[in-house]
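Data first, discussion second: the structure below is written as structure tokens.
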Amino acid sequence: MPQVIAPRSGVAFELQRGQGLRVIDPEGEQVADLLAFNRQDIGEVLSSGRSLDYAGSMFLGTGDALYSNRSRVMLDIAEDMVGRHDFLLAPCSAEMFRLLYGESEPHRGCFGNLAAALAPWGISPDMIPTAFNVFMNVRVDGATGKLRVDPPLSRAGDCTVFRAQMDLVIGLTACSAGQSNNFRYKPIHYEVLDAA
């Protein structure tokens, strides 16, 4: 039975080596920010730079690996129904909502939600890296390098399945940024799958 992450919130949990994680978009066009830390040493963390470098691509999907800052595989992407995710942009935050959107009373965003959820494992806000933004649709202009956030391509029921290659602490959100989710805040579902 899938677990539910309420709109604009986040959770953290442990994932054992060999277990799978299915991230599901139940309603469509909803982003989920995903973080991973080595359960045995939280100084080893998911790395956007390493993962994109080793893949030689900004677009990761089925068959690609997500690497740590120590160049070890943390997660493999075992199944991907969407084929478009982002690994460039940082988790949305209260500061982002103030700086980019001029909000005077901003939501704490995915950054704040992840920080609160991961705190019981001794993970501080300064340890939070760029997330793997499941279902996020970021376009890059080839001539100017300008970034544009478009609505996710995910439809109701689409999912991406990750397989853990080490014991992990996972942080996962239902993204809080309106632009990332076509200006509707929806839940994310997830399931932990038995080891293969």
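Ordering of the structure tokens sets the chain letters (A, B, ...); residue numbers start at 1 within each chain; ligands are numbered from 1 in the order shown.
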
Would you return as number ranges by chain the members of chain A that DSSP assigns to helix (DSSP H, G or I) on this structure's backbone? A: 48-55, 94-101, 109-121, 125-127, 179-181

Running DSSP on the backbone, which parts of segment 28-181 of chain A land in strand (DSSP E or B), as a PyMOL selection string? chain A and resi 28+32-38+45-46+65-68+73-80+86+132-134+137-140+147-150+155+158-164+168-173

Could you work out how far atom CA of Ser104 of chain A lies from atom CA of Ile5 of chain A, giving the answer in Å with one decimal?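 Between atom CA of Ile5 of chain A and atom CA of Ser104 of chain A the gap works out to 26.0 Å.
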
Distance table requested - segment 22-62 of chain A against segment 115-124 of chain A, cut-off 10 Å, only C-alpha atoms: one row per qualifying residue with the closest atom pair and its distance in Å to one decimal, ordered by chain and rising residue number, as CSV.
residue,atom,partner,partner_atom,distance
A:Leu35,CA,A:Leu118,CA,9.8
A:Phe37,CA,A:Ile123,CA,8.9
A:Arg39,CA,A:Trp121,CA,8.6
A:Ile42,CA,A:Ile123,CA,7.1
A:Gly43,CA,A:Ile123,CA,8.9

Distance of atom CA of Lys146 of chain A from atom CA of Ser57 of chain A, expressed in Å to one decimal place: 17.2 Å

Which residues come within 12 Å of Pro151 of chain A, counting only C-alpha atoms, excluding same-chain residues fewer than 2 positions away, as a list of chain:residue names?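 My list of contacting residues is A:Gly28, A:Glu29, A:Gln30, A:Val31, A:Arg84, A:His85, A:Phe135, A:Met136, A:Asn137, A:Val138, A:Arg139, A:Arg148, A:Val149, A:Leu153, A:Ser154, A:Arg155, A:Ala177, A:Gly178, A:Gln179, A:Ser180, A:Asn181, A:Asn182, A:Phe183, A:Arg184.
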
Long-range neighbours of Asp167 of chain A as a PyMOL selection string, 6 Å cut-off, only C-alpha atoms, 2 positions minimum in chain: chain A and resi 15-17+39

Counting only C-alpha atoms, what is within 7 Å of Ala36 of chain A, bar same-chain residues fewer than 5 positions away, as a ChimeraX atom specification? /A:45-46,168-171
